[in-house]
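One file, data-v7.json, is given below (JSON, C-alpha atoms).
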[["chain", "number", "residue", "atom", "x", "y", "z"],
["A", 1, "MET", "CA", -1.98, -2.41, -34.88],
["A", 2, "LYS", "CA", -0.44, 0.54, -33.04],
["A", 3, "ALA", "CA", 2.76, -0.04, -31.08],
["A", 4, "GLN", "CA", 5.47, 1.98, -29.38],
["A", 5, "VAL", "CA", 8.77, 1.10, -31.03],
["A", 6, "TYR", "CA", 12.39, 2.00, -30.27],
["A", 7, "THR", "CA", 15.33, 1.18, -32.54],
["A", 8, "ARG", "CA", 18.17, 2.60, -30.46],
["A", 9, "TYR", "CA", 19.05, 2.87, -26.80],
["A", 10, "GLY", "CA", 18.71, 6.23, -25.10],
["A", 11, "PRO", "CA", 16.33, 8.67, -23.38],
["A", 12, "PRO", "CA", 12.53, 8.34, -23.40],
["A", 13, "SER", "CA", 12.38, 10.23, -26.69],
["A", 14, "VAL", "CA", 13.62, 7.09, -28.52],
["A", 15, "PHE", "CA", 10.03, 5.79, -28.42],
["A", 16, "HIS", "CA", 7.84, 6.46, -31.45],
["A", 17, "MET", "CA", 4.44, 5.17, -32.53],
["A", 18, "LYS", "CA", 4.34, 2.82, -35.48],
["A", 19, "GLU", "CA", 1.80, 0.65, -37.30],
["A", 20, "LEU", "CA", 2.80, -3.02, -37.14],
["A", 21, "GLN", "CA", 1.18, -6.17, -38.42],
["A", 22, "LYS", "CA", -1.20, -7.71, -35.92],
["A", 23, "PRO", "CA", 0.35, -10.97, -34.63],
["A", 24, "GLU", "CA", -1.59, -14.20, -35.21],
["A", 25, "PRO", "CA", -1.50, -17.00, -32.61],
["A", 26, "GLY", "CA", 0.43, -20.14, -33.46],
["A", 27, "PRO", "CA", -0.11, -23.57, -31.87],
["A", 28, "GLY", "CA", -0.35, -23.25, -28.09],
["A", 29, "GLU", "CA", -0.53, -19.45, -28.23],
["A", 30, "VAL", "CA", -3.17, -16.97, -27.10],
["A", 31, "GLN", "CA", -3.72, -13.71, -29.00],
["A", 32, "ILE", "CA", -4.38, -10.96, -26.45],
["A", 33, "LYS", "CA", -5.84, -7.52, -26.92],
["A", 34, "VAL", "CA", -3.72, -5.51, -24.52],
["A", 35, "TYR", "CA", -5.59, -3.22, -22.12],
["A", 36, "ALA", "CA", -2.73, -2.11, -19.87],
["A", 37, "THR", "CA", 1.02, -2.47, -19.37],
["A", 38, "THR", "CA", 3.63, -0.89, -17.09],
["A", 39, "VAL", "CA", 6.85, 1.08, -16.85],
["A", 40, "SER", "CA", 8.91, -1.46, -14.91],
["A", 41, "ALA", "CA", 12.59, -1.33, -13.97],
["A", 42, "GLY", "CA", 13.24, -3.82, -16.76],
["A", 43, "THR", "CA", 11.71, -1.57, -19.41],
["A", 44, "LEU", "CA", 13.79, 1.36, -18.16],
["A", 45, "TRP", "CA", 17.00, -0.69, -18.36],
["A", 46, "LEU", "CA", 16.21, -1.99, -21.83],
["A", 47, "ARG", "CA", 15.34, 1.46, -23.14],
["A", 48, "ARG", "CA", 18.58, 2.90, -21.74],
["A", 49, "GLY", "CA", 20.63, -0.13, -22.77],
["A", 50, "LYS", "CA", 22.23, -0.26, -19.35],
["A", 51, "VAL", "CA", 21.63, -0.97, -15.68],
["A", 52, "ASP", "CA", 22.68, 2.13, -13.76],
["A", 53, "GLY", "CA", 25.52, 1.47, -11.32],
["A", 54, "SER", "CA", 26.29, -2.01, -12.66],
["A", 55, "PRO", "CA", 28.68, -2.29, -15.63],
["A", 56, "VAL", "CA", 28.57, -6.09, -15.36],
["A", 57, "LEU", "CA", 24.77, -6.29, -15.60],
["A", 58, "SER", "CA", 24.84, -3.69, -18.37],
["A", 59, "PHE", "CA", 27.25, -5.88, -20.35],
["A", 60, "PHE", "CA", 25.01, -8.93, -20.03],
["A", 61, "LEU", "CA", 21.91, -6.86, -20.87],
["A", 62, "ARG", "CA", 23.49, -5.78, -24.17],
["A", 63, "LEU", "CA", 24.72, -9.30, -24.83],
["A", 64, "MET", "CA", 21.22, -10.73, -24.40],
["A", 65, "PHE", "CA", 19.08, -7.99, -25.94],
["A", 66, "GLY", "CA", 21.32, -6.33, -28.55],
["A", 67, "ILE", "CA", 24.84, -4.91, -28.54],
["A", 68, "SER", "CA", 24.33, -1.77, -30.63],
["A", 69, "GLY", "CA", 20.55, -1.56, -30.47],
["A", 70, "PRO", "CA", 17.50, -3.46, -29.18],
["A", 71, "ARG", "CA", 16.64, -6.69, -30.99],
["A", 72, "ARG", "CA", 13.16, -6.61, -29.43],
["A", 73, "GLN", "CA", 11.89, -3.24, -30.60],
["A", 74, "VAL", "CA", 8.55, -3.42, -28.77],
["A", 75, "THR", "CA", 9.17, -3.67, -25.02],
["A", 76, "GLY", "CA", 6.77, -3.97, -22.08],
["A", 77, "PHE", "CA", 7.09, -6.92, -19.68],
["A", 78, "GLU", "CA", 3.69, -6.89, -17.95],
["A", 79, "PHE", "CA", 0.21, -6.80, -19.42],
["A", 80, "SER", "CA", -3.47, -7.34, -18.85],
["A", 81, "GLY", "CA", -6.15, -7.74, -21.48],
["A", 82, "VAL", "CA", -8.64, -10.07, -23.10],
["A", 83, "ALA", "CA", -7.98, -13.22, -25.12],
["A", 84, "GLU", "CA", -9.24, -12.64, -28.67],
["A", 85, "ALA", "CA", -8.14, -15.85, -30.37],
["A", 86, "CYS", "CA", -6.51, -19.12, -29.38],
["A", 87, "GLY", "CA", -4.17, -21.27, -31.42],
["A", 88, "LYS", "CA", -4.38, -25.03, -31.77],
["A", 89, "ASP", "CA", -3.92, -27.07, -28.57],
["A", 90, "VAL", "CA", -4.62, -24.21, -26.15],
["A", 91, "LYS", "CA", -6.34, -25.87, -23.19],
["A", 92, "ASP", "CA", -7.02, -23.41, -20.37],
["A", 93, "PHE", "CA", -7.99, -20.21, -22.17],
["A", 94, "ARG", "CA", -10.89, -19.21, -24.42],
["A", 95, "PRO", "CA", -11.70, -16.07, -26.45],
["A", 96, "GLY", "CA", -13.19, -13.50, -24.12],
["A", 97, "ASP", "CA", -11.18, -14.56, -21.06],
["A", 98, "ALA", "CA", -9.75, -11.71, -18.98],
["A", 99, "VAL", "CA", -6.02, -12.44, -18.58],
["A", 100, "TYR", "CA", -2.74, -10.98, -17.39],
["A", 101, "GLY", "CA", 0.90, -12.02, -17.36],
["A", 102, "THR", "CA", 4.35, -11.31, -18.75],
["A", 103, "THR", "CA", 6.12, -11.26, -22.12],
["A", 104, "THR", "CA", 9.50, -12.44, -20.83],
["A", 105, "GLY", "CA", 11.38, -14.37, -23.50],
["A", 106, "LEU", "CA", 9.02, -13.36, -26.34],
["A", 107, "LYS", "CA", 9.92, -11.51, -29.54],
["A", 108, "GLN", "CA", 7.38, -8.76, -28.83],
["A", 109, "GLY", "CA", 6.48, -6.92, -25.65],
["A", 110, "ALA", "CA", 3.22, -5.37, -24.45],
["A", 111, "TYR", "CA", 3.68, -1.77, -25.63],
["A", 112, "ALA", "CA", 1.26, -2.61, -28.43],
["A", 113, "GLU", "CA", -2.43, -3.19, -29.05],
["A", 114, "TYR", "CA", -1.94, -6.95, -29.43],
["A", 115, "VAL", "CA", 0.53, -9.59, -28.30],
["A", 116, "CYS", "CA", 0.62, -13.38, -28.69],
["A", 117, "VAL", "CA", 1.65, -15.31, -25.60],
["A", 118, "PRO", "CA", 2.24, -19.09, -25.28],
["A", 119, "GLU", "CA", -0.07, -20.77, -22.81],
["A", 120, "GLN", "CA", 2.88, -22.65, -21.31],
["A", 121, "ARG", "CA", 6.54, -21.61, -21.27],
["A", 122, "LYS", "CA", 9.57, -21.60, -18.98],
["A", 123, "THR", "CA", 10.34, -17.87, -19.06],
["A", 124, "GLY", "CA", 6.98, -16.20, -18.39],
["A", 125, "VAL", "CA", 3.40, -16.59, -17.21],
["A", 126, "LEU", "CA", -0.16, -16.25, -18.48],
["A", 127, "MET", "CA", -2.95, -16.26, -15.91],
["A", 128, "HIS", "CA", -6.67, -15.60, -15.58],
["A", 129, "LYS", "CA", -7.20, -12.12, -14.10],
["A", 130, "PRO", "CA", -8.48, -12.03, -10.51],
["A", 131, "ALA", "CA", -12.06, -10.77, -10.58],
["A", 132, "THR", "CA", -11.37, -8.40, -7.69],
["A", 133, "LEU", "CA", -8.74, -6.43, -9.67],
["A", 134, "SER", "CA", -9.29, -4.01, -12.53],
["A", 135, "PHE", "CA", -7.34, -4.57, -15.74],
["A", 136, "ALA", "CA", -5.12, -1.66, -14.75],
["A", 137, "GLU", "CA", -4.32, -3.18, -11.36],
["A", 138, "ALA", "CA", -3.72, -6.64, -12.82],
["A", 139, "ALA", "CA", -1.13, -5.31, -15.27],
["A", 140, "ALA", "CA", 0.87, -4.03, -12.31],
["A", 141, "LEU", "CA", 0.79, -7.33, -10.44],
["A", 142, "PRO", "CA", 3.07, -10.03, -11.93],
["A", 143, "VAL", "CA", 6.70, -8.85, -11.91],
["A", 144, "GLY", "CA", 6.73, -6.94, -8.61],
["A", 145, "ALA", "CA", 4.60, -9.48, -6.75],
["A", 146, "MET", "CA", 6.52, -12.54, -7.96],
["A", 147, "THR", "CA", 9.85, -10.90, -7.19],
["A", 148, "ALA", "CA", 8.80, -9.89, -3.68],
["A", 149, "LEU", "CA", 7.28, -13.28, -2.87],
["A", 150, "GLN", "CA", 10.26, -15.31, -4.06],
["A", 151, "LEU", "CA", 12.73, -13.15, -2.13],
["A", 152, "LEU", "CA", 10.62, -13.30, 1.04],
["A", 153, "ARG", "CA", 10.53, -17.08, 0.75],
["A", 154, "ARG", "CA", 14.27, -17.21, 0.08],
["A", 155, "SER", "CA", 14.85, -15.18, 3.25],
["A", 156, "GLY", "CA", 13.01, -17.83, 5.26],
["A", 157, "LEU", "CA", 10.64, -15.26, 6.78],
["A", 158, "LYS", "CA", 8.34, -16.78, 9.40],
["A", 159, "ALA", "CA", 5.23, -15.59, 11.17],
["A", 160, "GLY", "CA", 6.12, -13.46, 14.18],
["A", 161, "GLU", "CA", 9.51, -12.37, 12.83],
["A", 162, "ARG", "CA", 10.56, -8.76, 12.28],
["A", 163, "ILE", "CA", 11.42, -7.59, 8.77],
["A", 164, "LEU", "CA", 12.75, -4.24, 7.58],
["A", 165, "VAL", "CA", 11.87, -3.33, 3.97],
["A", 166, "TYR", "CA", 14.10, -0.63, 2.47],
["A", 167, "GLY", "CA", 12.59, 1.04, -0.61],
["A", 168, "ALA", "CA", 9.14, 0.11, 0.64],
["A", 169, "SER", "CA", 7.22, 2.50, -1.62],
["A", 170, "GLY", "CA", 8.41, 1.09, -4.97],
["A", 171, "SER", "CA", 6.81, -1.73, -6.94],
["A", 172, "VAL", "CA", 8.68, -4.61, -5.29],
["A", 173, "GLY", "CA", 8.70, -2.80, -1.95],
["A", 174, "THR", "CA", 4.93, -2.29, -1.75],
["A", 175, "TYR", "CA", 4.37, -5.97, -2.50],
["A", 176, "ALA", "CA", 7.04, -6.99, 0.02],
["A", 177, "VAL", "CA", 5.30, -5.00, 2.77],
["A", 178, "GLN", "CA", 1.88, -6.48, 2.00],
["A", 179, "LEU", "CA", 3.04, -10.06, 1.50],
["A", 180, "ALA", "CA", 5.18, -9.98, 4.64],
["A", 181, "LYS", "CA", 2.10, -8.90, 6.63],
["A", 182, "TYR", "CA", 0.10, -11.69, 4.99],
["A", 183, "MET", "CA", 2.82, -14.12, 6.11],
["A", 184, "GLY", "CA", 2.43, -12.91, 9.70],
["A", 185, "ALA", "CA", 5.55, -10.76, 10.10],
["A", 186, "HIS", "CA", 6.03, -7.43, 11.89],
["A", 187, "VAL", "CA", 7.00, -4.95, 9.14],
["A", 188, "THR", "CA", 9.12, -1.82, 9.38],
["A", 189, "ALA", "CA", 9.04, 0.12, 6.11],
["A", 190, "VAL", "CA", 11.77, 2.57, 5.08],
["A", 191, "CYS", "CA", 10.95, 5.23, 2.50],
["A", 192, "SER", "CA", 11.03, 8.99, 1.87],
["A", 193, "THR", "CA", 8.96, 11.58, 3.74],
["A", 194, "ALA", "CA", 6.32, 11.77, 1.00],
["A", 195, "ASN", "CA", 5.57, 8.04, 1.18],
["A", 196, "LEU", "CA", 5.30, 7.44, 4.92],
["A", 197, "GLN", "CA", 1.50, 7.46, 4.92],
["A", 198, "LEU", "CA", 1.40, 5.25, 1.84],
["A", 199, "VAL", "CA", 3.42, 2.43, 3.40],
["A", 200, "LYS", "CA", 1.39, 2.63, 6.60],
["A", 201, "SER", "CA", -1.83, 2.42, 4.58],
["A", 202, "ILE", "CA", -0.73, -0.87, 3.00],
["A", 203, "GLY", "CA", 0.09, -2.53, 6.30],
["A", 204, "ALA", "CA", 3.48, -1.44, 7.62],
["A", 205, "ASP", "CA", 3.58, -1.56, 11.41],
["A", 206, "GLU", "CA", 6.25, 1.15, 11.50],
["A", 207, "ALA", "CA", 7.61, 3.59, 8.93],
["A", 208, "LEU", "CA", 11.04, 5.26, 8.90],
["A", 209, "ASP", "CA", 12.10, 8.24, 6.81],
["A", 210, "TYR", "CA", 15.53, 7.55, 5.29],
["A", 211, "THR", "CA", 15.96, 11.25, 4.47],
["A", 212, "LYS", "CA", 15.93, 12.05, 8.19],
["A", 213, "THR", "CA", 17.14, 8.83, 9.80],
["A", 214, "PRO", "CA", 20.49, 7.34, 8.64],
["A", 215, "VAL", "CA", 20.80, 3.60, 8.10],
["A", 216, "GLN", "CA", 22.76, 3.10, 11.32],
["A", 217, "ASP", "CA", 19.75, 4.41, 13.27],
["A", 218, "TRP", "CA", 17.09, 2.15, 11.73],
["A", 219, "GLY", "CA", 17.12, -0.05, 14.80],
["A", 220, "SER", "CA", 18.44, -3.54, 15.45],
["A", 221, "GLY", "CA", 17.23, -7.06, 16.07],
["A", 222, "TYR", "CA", 15.55, -7.59, 12.72],
["A", 223, "ASP", "CA", 15.24, -11.15, 11.48],
["A", 224, "VAL", "CA", 15.22, -10.08, 7.81],
["A", 225, "PHE", "CA", 16.55, -7.01, 5.99],
["A", 226, "PHE", "CA", 14.92, -6.70, 2.54],
["A", 227, "ASP", "CA", 16.61, -4.22, 0.16],
["A", 228, "ALA", "CA", 13.91, -3.64, -2.45],
["A", 229, "VAL", "CA", 15.91, -1.08, -4.48],
["A", 230, "ASN", "CA", 19.40, -2.63, -4.57],
["A", 231, "LYS", "CA", 21.14, 0.34, -2.96],
["A", 232, "LEU", "CA", 22.66, -1.15, 0.19],
["A", 233, "SER", "CA", 25.22, -3.87, 0.83],
["A", 234, "ARG", "CA", 25.04, -6.78, 3.22],
["A", 235, "SER", "CA", 27.67, -5.11, 5.42],
["A", 236, "GLN", "CA", 25.59, -1.92, 5.65],
["A", 237, "ALA", "CA", 22.56, -3.94, 6.70],
["A", 238, "ARG", "CA", 24.42, -6.10, 9.23],
["A", 239, "PRO", "CA", 24.05, -3.73, 12.27],
["A", 240, "ALA", "CA", 20.26, -3.85, 11.91],
["A", 241, "LEU", "CA", 20.10, -7.65, 11.94],
["A", 242, "LYS", "CA", 20.15, -10.25, 14.67],
["A", 243, "LYS", "CA", 23.25, -12.42, 14.76],
["A", 244, "GLU", "CA", 21.44, -15.05, 12.69],
["A", 245, "GLY", "CA", 19.49, -12.45, 10.68],
["A", 246, "ARG", "CA", 19.17, -12.69, 6.89],
["A", 247, "PHE", "CA", 19.82, -10.07, 4.19],
["A", 248, "ILE", "CA", 18.01, -10.28, 0.83],
["A", 249, "SER", "CA", 18.16, -7.92, -2.14],
["A", 250, "VAL", "CA", 16.43, -7.44, -5.49],
["A", 251, "SER", "CA", 19.85, -7.97, -7.05],
["A", 252, "SER", "CA", 19.17, -11.69, -6.56],
["A", 253, "LEU", "CA", 17.83, -13.54, -9.58],
["A", 254, "THR", "CA", 14.20, -14.68, -9.53],
["A", 255, "LYS", "CA", 11.97, -16.73, -11.83],
["A", 256, "GLU", "CA", 8.43, -16.27, -13.11],
["A", 257, "ARG", "CA", 6.13, -19.02, -11.87],
["A", 258, "SER", "CA", 2.36, -19.27, -12.08],
["A", 259, "GLU", "CA", 2.21, -21.01, -8.69],
["A", 260, "ASP", "CA", 3.62, -17.86, -7.09],
["A", 261, "LEU", "CA", 0.83, -15.77, -8.57],
["A", 262, "GLU", "CA", -1.70, -18.31, -7.32],
["A", 263, "PHE", "CA", -0.33, -17.67, -3.81],
["A", 264, "VAL", "CA", -0.65, -13.91, -4.41],
["A", 265, "HIS", "CA", -4.26, -14.43, -5.56],
["A", 266, "LYS", "CA", -5.06, -15.92, -2.15],
["A", 267, "ALA", "CA", -3.49, -12.91, -0.45],
["A", 268, "ILE", "CA", -5.61, -10.63, -2.67],
["A", 269, "GLU", "CA", -8.78, -12.54, -1.80],
["A", 270, "ALA", "CA", -7.89, -12.27, 1.89],
["A", 271, "GLY", "CA", -7.62, -8.49, 1.55],
["A", 272, "PHE", "CA", -3.87, -8.26, 2.24],
["A", 273, "VAL", "CA", -2.59, -7.33, -1.23],
["A", 274, "LYS", "CA", -3.64, -4.64, -3.68],
["A", 275, "PRO", "CA", -1.40, -3.14, -6.39],
["A", 276, "VAL", "CA", -0.32, 0.44, -5.71],
["A", 277, "ILE", "CA", -0.79, 2.71, -8.73],
["A", 278, "ASP", "CA", 1.09, 5.99, -8.94],
["A", 279, "ARG", "CA", 0.22, 7.45, -12.36],
["A", 280, "THR", "CA", -1.37, 6.35, -15.63],
["A", 281, "TYR", "CA", -0.53, 7.33, -19.19],
["A", 282, "THR", "CA", -1.83, 6.44, -22.64],
["A", 283, "LEU", "CA", 0.14, 4.41, -25.18],
["A", 284, "GLU", "CA", 0.79, 7.66, -27.04],
["A", 285, "GLN", "CA", 2.32, 9.06, -23.83],
["A", 286, "THR", "CA", 4.85, 6.25, -23.35],
["A", 287, "ALA", "CA", 7.82, 8.63, -23.52],
["A", 288, "GLU", "CA", 6.23, 10.82, -20.84],
["A", 289, "ALA", "CA", 5.62, 7.78, -18.64],
["A", 290, "HIS", "CA", 9.29, 6.81, -18.89],
["A", 291, "THR", "CA", 10.36, 10.40, -18.21],
["A", 292, "TYR", "CA", 8.36, 10.35, -14.98],
["A", 293, "ALA", "CA", 9.71, 6.95, -13.89],
["A", 294, "ASP", "CA", 13.35, 7.56, -14.85],
["A", 295, "PRO", "CA", 14.49, 9.28, -11.60],
["A", 296, "GLY", "CA", 13.44, 6.20, -9.59],
["A", 297, "HIS", "CA", 10.96, 7.86, -7.24],
["A", 298, "LYS", "CA", 7.66, 6.37, -8.42],
["A", 299, "LYS", "CA", 5.18, 5.13, -5.83],
["A", 300, "GLY", "CA", 4.34, 1.55, -6.60],
["A", 301, "ASN", "CA", 3.61, 1.25, -10.31],
["A", 302, "VAL", "CA", 3.34, 3.50, -13.37],
["A", 303, "LEU", "CA", 0.79, 2.29, -15.91],
["A", 304, "ILE", "CA", 0.34, 2.66, -19.65],
["A", 305, "LEU", "CA", -3.31, 2.21, -20.61],
["A", 306, "VAL", "CA", -3.39, 0.80, -24.13],
["A", 307, "GLU", "CA", -7.18, 0.44, -24.09],
["A", 308, "GLU", "CA", -8.75, 3.54, -22.57],
["A", 309, "SER", "CA", -12.27, 2.71, -21.44],
["A", 310, "GLU", "CA", -14.30, 1.56, -18.47],
["A", 311, "LYS", "CA", -12.47, -1.77, -18.83],
["A", 312, "THR", "CA", -9.29, -0.26, -17.39],
["A", 313, "ALA", "CA", -11.13, 1.75, -14.74],
["A", 314, "GLY", "CA", -11.12, 0.94, -11.07],
["A", 315, "LEU", "CA", -8.03, 2.84, -10.01]]
Have the structure of the file written as structure tokens, please.
Amino acid sequence: MKAQVYTRYGPPSVFHMKELQKPEPGPGEVQIKVYATTVSAGTLWLRRGKVDGSPVLSFFLRLMFGISGPRRQVTGFEFSGVAEACGKDVKDFRPGDAVYGTTTGLKQGAYAEYVCVPEQRKTGVLMHKPATLSFAEAAALPVGAMTALQLLRRSGLKAGERILVYGASGSVGTYAVQLAKYMGAHVTAVCSTANLQLVKSIGADEALDYTKTPVQDWGSGYDVFFDAVNKLSRSQARPALKKEGRFISVSSLTKERSEDLEFVHKAIEAGFVKPVIDRTYTLEQTAEAHTYADPGHKKGNVLILVEESEKTAGL
């Protein structure tokens, strides 16, 4: 099978195409033909071998994934595709099922034509694809949506409350805006000039341009301040909050849980949530996709289409 491999940390040019042996499913595993994957923040960090602005997180990243070079040489945390074969004892999936999920904790990521994913595990998820989403959209769903939902729940957001989402046009931010509206909140989205219409189109009640309005002028009386890009501190957010207001940031650790995606499925069916797609690239263009995403200004999600056909259409 074809896969994008990297053997050292560095710029996008470290990626190169390589033929690898097609993985076969073991007991409890599902072999998936990958249709689409993404350029997520995690894939950027792992390719660089560091988390920008955080020496501590960079140290732990190297400790977990390889000190001098990546132990997992095929990255890609999110995927969608079709189950091609199932190992012994697989209960809920059959060949031909449209699926999506994550590769967290696995030896191989989704920047490849095939990946084998356990049906049940503690560090990742495998789900049936919602029929209302294309394969491309489904690949962009799990990480950003689960992160946004868990942080919104951790903030204690209630219907009728006011929430400010900073970094509202990114992957986590776009899901935070949509899920907060689904939960009945009044949403103020903060983003750059180019993305004001985008955040309004996905449900924001108000939109502020951070390039023209400094943080101290974003208003006050918010119940929740959601930093979706990990660029502000609690003290910087404090003036915008009520006395009992809550600050939450993507710097907080989250888990991957199938029950969270089941909640997101309901929001999708209700018409409140739809993945935002910025650009798409082919597997051969993985380095270009990372080059585009590197500056940190992508709108929603950047996709890598491993299977280019009508199956990944619907953008």
Top pick for closest residue to Lys242 (chain A), considering A:Glu161, A:Asp260, A:Asp227, A:Asp209 and counting only C-alpha atoms: A:Glu161
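Closest approach to Gly87 (chain A) among A:Ile163, A:Met127, A:Leu208, A:Ile32 is made by A:Ile32 (distances from all atoms listed in the file).
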Near Thr174 (chain A), counting all atoms listed in the file, which residues have an atom at most 7 Å away, once you skip same-chain residues fewer than 5 positions from it, shown as a PDB file with C-alpha atoms, in the coordinates of the input?
ATOM      1  CA  ALA A 168       9.140   0.110   0.640  1.00  0.00           C
ATOM      2  CA  SER A 169       7.220   2.500  -1.620  1.00  0.00           C
ATOM      3  CA  GLY A 300       4.340   1.550  -6.600  1.00  0.00           C
TER       4      GLY A 300
END
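Between CA of Arg257 (chain A) and CA of Gln73 (chain A) lies a distance of 25.2 Å.
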task: Skip Gly296 (chain A) itself and residues of its chain fewer than 2 positions away, then list as a ChimeraX atom specification all residues within 9 Å of it, counting only C-alpha atoms.
output: /A:41,170,292-294,298
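Of note, CA of Lys18 (chain A) and CA of Gln285 (chain A) are spaced 13.4 Å apart.
Computed from the coordinates, the CA of Lys107 (chain A) to CA of Lys33 (chain A) distance equals 16.5 Å.
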field: Spatial neighbours of Gln178 (chain A), 9 Å, all atoms listed in the file, chain gap at least 5 places, as a PyMOL selection string
entry: chain A and resi 173+183+187+202-204+267+272-274
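Each of A:Glu78, A:Ala140, A:Thr132, A:Arg162 was compared to Ala270 (chain A) using all atoms listed in the file, and A:Thr132 turns out to be the nearest.
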Box in all listed atoms of region 57-65 of chain A, axis-aligned, with 3 Å more on each side; write out centre and edge lengths in Å to one decimal as JSON.
{"center_x": 23.2, "center_y": -7.2, "center_z": -20.8, "size_x": 14.2, "size_y": 13.0, "size_z": 16.3}
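Here the question is which of A:Lys200, A:Lys122, A:Lys181, A:Lys129 gets nearest to Asp97 (chain A) using only C-alpha atoms, and that residue is A:Lys129.
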